[in-house]
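Shown here: entry_11.txt, compact mmCIF, C-alpha atoms.
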```txt
# COMPACT_ATOMS: atom_id res chain seq x y z
CA MET A 38 0.00 0.00 0.00
CA SER A 39 3.01 2.25 0.35
CA ILE A 40 2.21 3.56 3.80
CA ARG A 41 5.24 3.59 5.99
CA LEU A 42 5.61 5.02 9.48
CA ASP A 43 8.80 4.94 11.54
CA ASP A 44 8.58 5.94 15.20
CA VAL A 45 5.88 8.49 14.46
CA CYS A 46 4.53 10.53 17.38
CA VAL A 47 1.66 13.02 17.41
CA ARG A 48 1.14 15.40 20.28
CA LEU A 49 -2.04 17.48 20.49
CA GLY A 50 -1.83 20.11 23.20
CA ASP A 51 -0.39 18.35 26.22
CA VAL A 52 -1.47 14.88 25.15
CA ASP A 53 0.62 12.31 23.28
CA VAL A 54 -2.09 10.92 21.04
CA LEU A 55 0.17 8.65 18.98
CA ARG A 56 3.38 7.25 20.39
CA ASP A 57 6.24 5.59 18.47
CA VAL A 58 4.03 4.20 15.74
CA SER A 59 5.97 2.07 13.26
CA LEU A 60 4.03 0.34 10.50
CA ARG A 61 4.26 -1.01 6.97
CA LEU A 62 0.83 -1.30 5.35
CA ASP A 63 0.71 -3.29 2.11
CA GLY A 64 -2.86 -4.60 1.90
CA ARG A 65 -5.31 -3.08 -0.60
CA THR A 66 -7.76 -2.68 2.25
CA VAL A 67 -6.61 -2.06 5.81
CA ALA A 68 -8.87 -1.96 8.86
CA VAL A 69 -7.92 0.16 11.86
CA VAL A 70 -9.61 -0.93 15.07
CA GLY A 71 -9.36 -0.06 18.75
CA GLU A 72 -11.27 1.44 21.62
CA ASN A 73 -12.42 5.07 21.76
CA GLY A 74 -9.45 7.32 22.44
CA SER A 75 -6.91 4.73 21.27
CA GLY A 76 -5.59 7.01 18.51
CA LYS A 77 -7.39 5.52 15.46
CA SER A 78 -8.94 8.76 14.26
CA THR A 79 -5.72 10.71 14.82
CA PHE A 80 -3.95 8.03 12.76
CA ALA A 81 -6.50 8.56 9.94
CA ARG A 82 -6.11 12.34 10.18
CA LEU A 83 -2.32 11.95 10.14
CA LEU A 84 -2.53 9.91 6.91
CA GLY A 85 -4.90 12.51 5.46
CA GLY A 86 -2.53 15.35 6.26
CA LEU A 87 -4.95 16.95 8.74
CA VAL A 88 -2.57 16.66 11.69
CA ALA A 89 1.21 16.86 11.62
CA ARG A 90 3.58 14.43 13.26
CA THR A 91 5.76 15.75 16.05
CA ALA A 92 8.45 13.12 15.55
CA GLY A 93 9.37 10.21 13.27
CA GLU A 94 9.23 9.54 9.54
CA LEU A 95 6.10 9.09 7.44
CA SER A 96 5.61 8.20 3.79
CA ILE A 97 2.25 7.81 2.02
CA LEU A 98 2.20 6.74 -1.63
CA GLY A 99 5.87 7.69 -1.63
CA LEU A 100 5.15 11.25 -0.47
CA ASP A 101 5.90 13.07 2.75
CA PRO A 102 2.68 14.79 3.96
CA ALA A 103 4.67 17.53 5.69
CA ARG A 104 6.52 18.61 2.55
CA GLN A 105 4.26 17.41 -0.29
CA ALA A 106 0.81 18.06 1.19
CA ALA A 107 -0.71 19.60 -1.96
CA GLU A 108 0.32 16.68 -4.20
CA LEU A 109 -0.81 14.15 -1.62
CA ARG A 110 -4.26 15.76 -1.34
CA HIS A 111 -4.79 15.24 -5.05
CA ARG A 112 -4.12 11.52 -4.68
CA ILE A 113 -6.05 10.72 -1.53
CA ALA A 114 -9.62 11.23 -0.35
CA LEU A 115 -11.05 11.36 3.16
CA VAL A 116 -14.48 10.35 4.36
CA PHE A 117 -15.64 11.15 7.88
CA SER A 118 -18.41 9.79 10.07
CA ASN A 119 -20.55 12.94 10.13
CA PRO A 120 -21.92 13.48 6.61
CA ASP A 121 -23.31 16.94 7.46
CA ALA A 122 -19.83 18.27 8.02
CA GLN A 123 -18.74 17.15 4.55
CA ILE A 124 -21.33 19.00 2.49
CA ILE A 125 -20.00 22.18 0.94
CA MET A 126 -22.45 23.05 -1.85
CA PRO A 127 -26.24 23.52 -1.76
CA THR A 128 -27.27 20.89 -4.31
CA VAL A 129 -26.17 17.28 -4.77
CA ALA A 130 -24.60 17.65 -8.23
CA GLU A 131 -22.85 20.89 -7.28
CA ASP A 132 -21.44 19.29 -4.16
CA VAL A 133 -19.90 16.44 -6.16
CA ALA A 134 -18.58 18.90 -8.76
CA PHE A 135 -16.97 20.96 -5.97
CA SER A 136 -14.47 18.12 -5.44
CA LEU A 137 -13.14 18.73 -8.96
CA ARG A 138 -12.84 22.50 -8.56
CA SER A 139 -9.12 22.37 -7.79
CA ASN A 140 -8.48 20.04 -10.76
CA ARG A 141 -9.13 22.85 -13.29
CA LEU A 142 -10.96 20.51 -15.69
CA ARG A 143 -13.13 21.68 -18.59
CA SER A 144 -16.76 22.08 -17.59
CA ILE A 145 -17.93 19.32 -19.96
CA GLU A 146 -15.50 16.87 -18.36
CA VAL A 147 -16.67 17.92 -14.89
CA ARG A 148 -20.30 17.31 -15.93
CA GLN A 149 -19.47 13.89 -17.40
CA ARG A 150 -17.56 12.75 -14.33
CA VAL A 151 -20.21 14.06 -11.94
CA THR A 152 -23.03 12.37 -13.90
CA ALA A 153 -21.15 9.06 -14.03
CA GLU A 154 -20.37 9.15 -10.31
CA LEU A 155 -23.94 10.12 -9.33
CA ASP A 156 -25.17 7.15 -11.42
CA ARG A 157 -22.72 4.81 -9.73
CA PHE A 158 -23.84 5.88 -6.26
CA GLY A 159 -27.55 5.82 -7.13
CA LEU A 160 -27.89 9.58 -6.65
CA ALA A 161 -28.67 10.61 -10.25
CA ALA A 162 -32.35 11.24 -9.50
CA LEU A 163 -31.34 13.55 -6.62
CA ALA A 164 -28.87 15.66 -8.63
CA ASP A 165 -30.82 18.92 -8.22
CA ARG A 166 -32.03 18.25 -4.67
CA SER A 167 -30.80 20.35 -1.76
CA SER A 168 -27.86 18.49 -0.19
CA HIS A 169 -29.05 19.36 3.31
CA ASP A 170 -32.49 17.82 2.73
CA LEU A 171 -31.10 14.33 2.09
CA SER A 172 -31.39 11.51 4.60
CA GLY A 173 -28.32 10.53 6.64
CA GLY A 174 -27.61 7.57 4.37
CA GLN A 175 -27.96 9.65 1.21
CA LYS A 176 -25.68 12.32 2.69
CA GLN A 177 -22.99 9.76 3.41
CA LEU A 178 -23.33 8.36 -0.12
CA LEU A 179 -22.97 11.94 -1.37
CA ALA A 180 -19.82 12.34 0.73
CA LEU A 181 -18.44 9.12 -0.80
CA CYS A 182 -19.44 10.27 -4.27
CA GLY A 183 -17.60 13.56 -3.69
CA ALA A 184 -14.54 11.60 -2.58
CA PHE A 185 -14.55 9.05 -5.43
CA VAL A 186 -15.20 11.56 -8.23
CA ARG A 187 -11.62 12.71 -7.71
CA ARG A 188 -10.43 9.16 -8.57
CA PRO A 189 -8.18 8.89 -5.52
CA GLU A 190 -5.47 6.28 -5.19
CA LEU A 191 -6.08 6.01 -1.47
CA VAL A 192 -9.35 6.46 0.44
CA ILE A 193 -9.16 7.06 4.18
CA ALA A 194 -12.52 6.52 5.85
CA ASP A 195 -13.01 7.31 9.53
CA GLU A 196 -16.06 5.41 10.82
CA PRO A 197 -18.06 6.13 7.66
CA THR A 198 -20.96 3.91 8.74
CA ALA A 199 -21.21 5.17 12.33
CA TYR A 200 -24.47 7.14 11.85
CA LEU A 201 -26.15 4.80 9.38
CA ASP A 202 -28.78 2.09 9.56
CA ALA A 203 -27.87 -1.45 8.47
CA ARG A 204 -29.03 -1.04 4.85
CA ASN A 205 -27.20 2.24 4.27
CA ALA A 206 -24.13 1.01 6.16
CA ARG A 207 -23.96 -1.96 3.79
CA ARG A 208 -24.34 0.25 0.70
CA VAL A 209 -21.58 2.60 1.90
CA ALA A 210 -19.31 -0.34 2.77
CA ASP A 211 -19.90 -2.00 -0.60
CA HIS A 212 -18.81 1.16 -2.39
CA LEU A 213 -15.74 1.48 -0.20
CA PHE A 214 -14.71 -2.12 -0.83
CA GLU A 215 -15.47 -2.02 -4.56
CA ASP A 216 -12.26 -2.64 -6.46
CA GLY A 217 -12.06 0.59 -8.43
CA GLY A 218 -8.29 0.77 -8.34
CA HIS A 219 -8.18 2.58 -5.01
CA ARG A 220 -6.72 1.42 -1.73
CA LEU A 221 -8.62 1.79 1.51
CA VAL A 222 -7.76 2.56 5.11
CA LEU A 223 -10.92 2.03 7.13
CA VAL A 224 -11.19 3.13 10.74
CA THR A 225 -14.12 1.24 12.20
CA HIS A 226 -15.82 -0.15 15.27
CA ASP A 227 -17.74 -2.56 13.06
CA LEU A 228 -15.74 -5.77 13.32
CA ALA A 229 -17.67 -7.39 10.47
CA LEU A 230 -16.35 -4.61 8.21
CA ALA A 231 -12.84 -5.04 9.59
CA GLU A 232 -13.04 -8.72 8.70
CA ARG A 233 -13.58 -7.85 5.04
CA CYS A 234 -10.16 -6.13 4.88
CA ASP A 235 -6.87 -7.67 3.75
CA GLN A 236 -4.97 -6.40 6.78
CA ALA A 237 -5.82 -4.96 10.19
CA VAL A 238 -4.12 -2.76 12.76
CA LEU A 239 -5.11 -2.66 16.42
CA PHE A 240 -4.48 0.56 18.33
CA ALA A 241 -4.38 0.78 22.12
CA GLU A 242 -3.49 3.88 24.13
CA GLY A 243 -1.90 5.63 21.17
CA ARG A 244 0.33 2.73 20.20
CA VAL A 245 0.10 -0.06 17.67
CA ALA A 246 -0.85 -3.14 19.70
CA ALA A 247 -0.90 -5.58 16.78
CA VAL A 248 -0.80 -5.78 12.97
CA GLY A 249 -1.79 -8.74 10.85
CA ALA A 250 -4.60 -10.73 9.32
CA PRO A 251 -8.03 -9.32 10.31
CA ASP A 252 -9.33 -12.48 12.01
CA ALA A 253 -6.25 -12.70 14.26
CA ILE A 254 -6.37 -8.98 15.08
CA ILE A 255 -10.10 -9.09 15.83
CA ALA A 256 -9.57 -12.09 18.14
CA GLU A 257 -6.88 -10.14 19.97
CA TYR A 258 -9.13 -7.06 20.18
CA GLU A 259 -11.98 -9.12 21.60
CA THR A 260 -9.61 -10.50 24.25
CA ILE A 261 -8.79 -6.90 25.25
CA LEU A 262 -12.50 -6.03 25.34
CA ARG A 263 -13.23 -8.93 27.69
CA CYS A 264 -10.60 -7.80 30.22
CA MET B 57 -30.55 31.40 -1.60
CA LEU B 58 -29.63 27.89 -0.68
CA SER B 59 -32.81 26.16 -1.64
CA LEU B 60 -34.32 28.81 -3.95
CA TYR B 61 -32.87 27.52 -7.20
CA ARG B 62 -35.54 26.05 -9.47
CA PRO B 63 -34.17 23.84 -12.24
CA GLY B 64 -35.51 24.91 -15.63
CA GLU B 65 -34.80 25.84 -19.23
CA GLY B 66 -36.34 29.35 -19.32
CA ARG B 67 -34.76 32.50 -20.76
CA LEU B 68 -33.10 33.53 -17.53
CA HIS B 69 -31.93 29.97 -16.84
CA ARG B 70 -30.11 29.91 -20.17
CA MET B 71 -28.54 33.34 -19.72
CA PRO B 72 -24.90 33.31 -18.50
CA ALA B 73 -24.59 34.19 -14.81
CA GLY B 74 -22.40 37.28 -15.32
CA PRO B 75 -24.65 39.22 -17.76
CA LYS B 76 -27.73 38.06 -15.83
CA THR B 77 -26.30 39.47 -12.59
CA LEU B 78 -25.60 42.79 -14.30
CA LEU B 79 -29.06 42.93 -15.90
CA LEU B 80 -30.85 42.26 -12.62
CA LEU B 81 -28.55 44.67 -10.81
CA VAL B 82 -29.57 47.41 -13.27
CA LEU B 83 -33.27 46.57 -12.79
CA VAL B 84 -32.96 46.58 -8.98
CA LEU B 85 -31.09 49.89 -9.08
CA GLY B 86 -33.69 51.31 -11.47
CA VAL B 87 -36.55 50.35 -9.16
CA SER B 88 -34.68 51.68 -6.12
CA LEU B 89 -34.20 55.07 -7.77
CA LEU B 90 -37.87 55.57 -8.68
CA PRO B 91 -39.54 58.56 -6.97
CA SER B 92 -42.09 58.15 -4.16
CA ALA B 93 -45.20 58.54 -6.31
CA TRP B 94 -48.28 56.51 -7.22
CA TRP B 95 -47.04 55.95 -10.79
CA ALA B 96 -43.70 54.68 -9.43
CA ALA B 97 -45.52 52.07 -7.34
CA ALA B 98 -47.40 50.94 -10.43
CA ALA B 99 -44.17 50.90 -12.45
CA ALA B 100 -42.36 48.78 -9.83
CA ALA B 101 -45.24 46.31 -9.67
CA THR B 102 -45.52 46.12 -13.47
CA LEU B 103 -41.79 45.59 -13.88
CA SER B 104 -41.83 42.77 -11.30
CA ILE B 105 -44.76 41.03 -12.97
CA LEU B 106 -43.21 41.39 -16.43
CA ALA B 107 -39.86 40.10 -15.21
CA TYR B 108 -41.43 36.95 -13.68
CA VAL B 109 -43.62 36.31 -16.73
CA LEU B 110 -40.78 36.83 -19.22
CA ALA B 111 -38.20 34.92 -17.16
CA GLY B 112 -39.66 31.64 -18.40
CA LEU B 113 -39.74 30.14 -14.93
CA GLY B 114 -42.87 28.09 -15.61
CA GLY B 115 -45.62 29.28 -13.26
CA GLY B 116 -44.00 32.72 -13.08
CA MET B 117 -46.92 34.43 -11.32
CA HIS B 118 -47.17 31.56 -8.85
CA GLU B 119 -43.46 31.96 -8.07
CA LEU B 120 -43.91 35.73 -7.69
CA GLY B 121 -46.70 35.02 -5.20
CA ARG B 122 -44.40 32.68 -3.27
CA GLN B 123 -41.67 35.30 -3.11
CA LEU B 124 -44.09 37.99 -1.92
CA LEU B 125 -45.44 35.61 0.71
CA ALA B 126 -41.91 34.95 1.91
CA ILE B 127 -41.28 38.68 2.44
CA ARG B 128 -44.76 39.49 3.79
CA TRP B 129 -43.40 40.77 7.10
CA VAL B 130 -40.96 43.09 5.34
CA ILE B 131 -43.90 44.46 3.34
CA VAL B 132 -46.14 44.83 6.38
CA ILE B 133 -43.50 46.49 8.58
CA THR B 134 -42.29 48.82 5.78
CA ALA B 135 -45.84 49.83 4.81
CA ALA B 136 -46.97 50.37 8.42
CA SER B 137 -43.99 52.50 9.45
CA GLN B 138 -44.11 54.58 6.24
CA LEU B 139 -47.85 55.06 6.57
CA ILE B 140 -47.44 56.44 10.09
CA PHE B 141 -44.67 58.88 9.23
CA LEU B 142 -45.04 59.74 5.53
CA GLY B 143 -48.59 59.27 4.30
CA PRO B 144 -50.30 56.84 1.89
CA GLU B 145 -48.67 57.76 -1.46
CA GLN B 146 -45.10 57.55 -0.19
CA ALA B 147 -45.88 54.44 1.91
CA VAL B 148 -47.30 52.54 -1.06
CA ALA B 149 -44.57 53.70 -3.44
CA ASN B 150 -41.68 52.99 -1.08
CA THR B 151 -43.08 49.59 -0.06
CA ALA B 152 -43.61 48.66 -3.71
CA ARG B 153 -40.03 49.69 -4.55
CA VAL B 154 -38.57 47.65 -1.67
CA ALA B 155 -40.69 44.60 -2.51
CA ALA B 156 -39.90 44.88 -6.23
CA ALA B 157 -36.16 45.16 -5.55
CA ILE B 158 -36.24 42.01 -3.40
CA VAL B 159 -38.30 39.90 -5.79
CA LEU B 160 -36.20 41.02 -8.78
CA ALA B 161 -33.01 40.11 -6.91
CA ALA B 162 -34.57 36.74 -6.08
CA LEU B 163 -34.82 36.00 -9.82
CA LEU B 164 -31.06 35.67 -9.87
CA VAL B 165 -30.95 32.87 -7.31
CA LEU B 166 -34.13 31.25 -8.65
CA THR B 167 -32.53 30.78 -12.07
CA THR B 168 -28.83 30.43 -11.32
CA ARG B 169 -26.98 27.57 -9.68
CA VAL B 170 -24.74 28.71 -6.83
CA SER B 171 -21.75 27.15 -8.59
CA ALA B 172 -22.43 29.22 -11.75
CA LEU B 173 -22.83 32.34 -9.63
CA LEU B 174 -19.55 31.63 -7.87
CA ASP B 175 -17.76 31.10 -11.17
CA ALA B 176 -19.13 34.47 -12.30
CA ILE B 177 -18.03 36.13 -9.06
CA GLU B 178 -14.60 34.53 -9.42
CA ARG B 179 -14.31 35.85 -12.97
CA GLY B 180 -15.67 39.25 -11.95
CA LEU B 181 -13.14 39.56 -9.15
CA GLY B 182 -10.32 38.45 -11.47
CA PRO B 183 -9.00 41.98 -12.11
CA LEU B 184 -8.60 42.49 -8.35
CA ALA B 185 -6.00 39.70 -8.24
CA ARG B 186 -3.34 42.30 -9.09
CA PHE B 187 -4.17 44.01 -5.78
CA GLY B 188 -3.57 40.80 -3.82
CA LEU B 189 -7.14 39.44 -3.73
CA ASP B 190 -7.48 35.71 -4.45
CA PRO B 191 -10.77 35.48 -6.45
CA GLY B 192 -11.06 31.72 -5.95
CA ARG B 193 -10.69 32.07 -2.22
CA ALA B 194 -13.21 34.94 -2.09
CA ALA B 195 -15.75 32.85 -4.04
CA LEU B 196 -15.11 29.87 -1.76
CA LEU B 197 -15.62 32.06 1.31
CA LEU B 198 -19.00 33.11 -0.06
CA THR B 199 -19.95 29.47 -0.79
CA VAL B 200 -19.01 28.24 2.64
CA THR B 201 -20.79 31.15 4.32
CA LEU B 202 -24.00 30.51 2.39
CA ASN B 203 -23.90 26.79 3.00
CA THR B 204 -23.28 27.21 6.70
CA ILE B 205 -26.62 28.99 7.23
CA PRO B 206 -28.82 25.84 7.08
CA VAL B 207 -26.26 23.92 9.13
CA LEU B 208 -26.39 26.52 11.91
CA ALA B 209 -30.19 26.55 11.71
CA GLY B 210 -30.11 22.75 12.13
CA LEU B 211 -27.79 23.02 15.14
CA ALA B 212 -30.08 25.60 16.76
CA ARG B 213 -33.07 23.29 16.19
CA ASP B 214 -31.20 20.32 17.70
CA ILE B 215 -30.30 22.32 20.81
CA ARG B 216 -33.86 23.57 21.29
CA ASP B 217 -35.14 19.98 20.85
CA ALA B 218 -32.61 18.67 23.37
CA GLN B 219 -33.65 21.35 25.88
CA ARG B 220 -37.35 20.58 25.39
CA ALA B 221 -36.65 16.84 25.74
CA ARG B 222 -35.23 17.55 29.18
CA GLY B 223 -38.10 19.81 30.11
CA GLY B 224 -36.02 22.99 29.89
CA ARG B 225 -37.61 26.39 29.28
CA ALA B 226 -36.41 28.90 26.72
CA ASP B 227 -33.23 30.38 28.17
CA LEU B 228 -30.83 32.51 26.12
CA ARG B 229 -27.72 31.50 28.07
CA ALA B 230 -28.58 27.81 28.07
CA PHE B 231 -29.01 28.07 24.30
CA THR B 232 -26.03 30.27 23.45
CA VAL B 233 -23.24 28.27 25.10
CA PRO B 234 -23.96 24.88 23.44
CA PHE B 235 -24.75 26.67 20.17
CA LEU B 236 -21.35 28.37 20.12
CA VAL B 237 -19.57 25.12 21.05
CA MET B 238 -21.36 23.20 18.30
CA ALA B 239 -20.82 25.97 15.75
CA LEU B 240 -17.09 26.01 16.49
CA LYS B 241 -16.97 22.21 16.24
CA HIS B 242 -18.73 22.44 12.88
CA ALA B 243 -16.20 25.06 11.72
CA ASP B 244 -13.42 22.65 12.66
CA GLU B 245 -15.05 19.78 10.77
CA LEU B 246 -15.72 22.00 7.78
CA GLY B 247 -12.03 22.91 7.66
CA ASP B 248 -11.21 19.20 7.54
CA ALA B 249 -13.86 18.63 4.85
CA LEU B 250 -12.39 21.37 2.69
CA ALA B 251 -8.90 19.94 3.12
CA ALA B 252 -10.33 16.50 2.28
CA ARG B 253 -11.65 17.90 -1.02
CA GLY B 254 -8.21 19.17 -1.95
CA VAL B 255 -8.75 22.80 -0.87
CA ARG B 256 -5.67 24.23 0.78
```
Produce structure tokens that represent the structure in this file.
Amino acid sequence: MSIRLDDVCVRLGDVDVLRDVSLRLDGRTVAVVGENGSGKSTFARLLGGLVARTAGELSILGLDPARQAAELRHRIALVFSNPDAQIIMPTVAEDVAFSLRSNRLRSIEVRQRVTAELDRFGLAALADRSSHDLSGGQKQLLALCGAFVRRPELVIADEPTAYLDARNARRVADHLFEDGGHRLVLVTHDLALAERCDQAVLFAEGRVAAVGAPDAIIAEYETILRC
Amino acid sequence: MLSLYRPGEGRLHRMPAGPKTLLLLVLVLGVSLLPSAWWAAAAAATLSILAYVLAGLGGGMHELGRQLLAIRWVIVITAASQLIFLGPEQAVANTARVAAAIVLAALLVLTTRVSALLDAIERGLGPLARFGLDPGRAALLLTVTLNTIPVLAGLARDIRDAQRARGGRADLRAFTVPFLVMALKHADELGDALAARGVR
């Protein structure tokens, strides 16, 4: 997967949120699991360039987020748990098109890509609807659509199914796991989703507790949960 | 502005956003500069009706009615205060001018997608780039500001609902503190969302 961390630390205020994290992630899909406050979301934000490391070395897709942030942002996409916070534009089609604004594409190409992506996510009929009037599930699909229209090499999703019912959670997960040439880092509390990944990482108290096959990592996590 | 846009293929819909903005700006200025006379009130009303009929909105008069209904309190308050202090002719004329200016301005957002408007603003502000203004950033600021209005309204509704659920009475302080906290949290998340979409 080309994600490499060597002794990476992240300090937010007075708190060491990530401590001496060293990882090599090669799976196409990687699950990140752990209890609340274990550092999972900070790890996702670190990969997405939203927080800076305070120590260590980090390489994502061969780029250093600290020095090559702009280039990295063109190659990755982030999806968060709260879909409301991800909506920028007033209508569905405009919101998806907003993701391409920094690409400086011709308007016809923007329209074609937006139409194709809305079709793929089952949102074509809602193209002119107000983004804020959508249901929670539709909003999260819109957020995914806005992420995928940029054709990212790496998608980082932080609990993207947290607010969704079972049907919408499955639809969102299916899109995330679809093999469209992208790689996926999925932060989740849903262990069934984690099981679908090629590789899993378990975080505990800001450190990597284990890395490996999802079933082994989930078993280890469940042991921790029983203690 | 956020939910006013009506998809359509009418004359104004097809008109590019830049010239349309200028045209409506001229009409609004024209109405605003009319004198306070009976004929001016009639002229403002006629212009508004003609504009809605010719715009090709589909149900133009119905849409005009909706817009007037939306600003009914502006009309009532303007008319009442003018009637008290200035007399009937000036009250009717001034209220008609204010109402006409608002409904004519509304035609812009009824027939123009926000993205097209922003592109026009970005192009319009282009010459100011030499003075250090970033037109793209200014247009983005406008977008984010507009789109934050319904979000803040939703947060306010959630807080009021939460207070009612716990049997709380309307209390400005009890409302303001959580509202500010949630608004700041939203601002933080919005910053992340913009970064996630490749905006620096």
Quick one: residues within 8 Å of region 171-182 of chain B, only C-alpha atoms counted, chain neighbours fewer than 6 positions away excluded, as a VMD selection string?
(chain A and resid 126 131) or (chain B and resid 73 to 74 191 to 192 194 to 196 198 to 199)
Which residues of chain B have any atom within 6 Å of an atom in chain A when counting all atoms listed in the file, and what is the closest pair of atoms for each, with the distance in Å to one decimal? Order the rows by chain and rising number and write it as a Markdown table.
```
| residue | atom | partner | partner_atom | distance |
| --- | --- | --- | --- | --- |
| B:Leu58 | CA | A:Pro127 | CA | 5.6 |
| B:Glu245 | CA | A:Ala122 | CA | 5.7 |
| B:Leu246 | CA | A:Ala122 | CA | 5.6 |
| B:Ala249 | CA | A:Gln123 | CA | 5.1 |
| B:Ala252 | CA | A:Leu115 | CA | 5.3 |
| B:Arg253 | CA | A:Ser136 | CA | 5.2 |
| B:Gly254 | CA | A:Arg110 | CA | 5.3 |
```
Would you pick out the contacts of Ala68 (chain A) at 8 Å or less, using all atoms listed in the file, so that residues sharing its chain but fewer than 4 positions from it are not included, and give the list as a ChimeraX atom specification?
/A:222-225,230-232,234-238,251
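Interatomic distance, CA of Ala93 (chain B) against CA of Ala147 (chain B): 9.2 Å.
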Calculated over all atoms listed in the file, which of the candidates A:Leu42, A:Val186, A:Ala246, A:Leu62 has the smallest distance to Ala153 (chain A)?
A:Val186
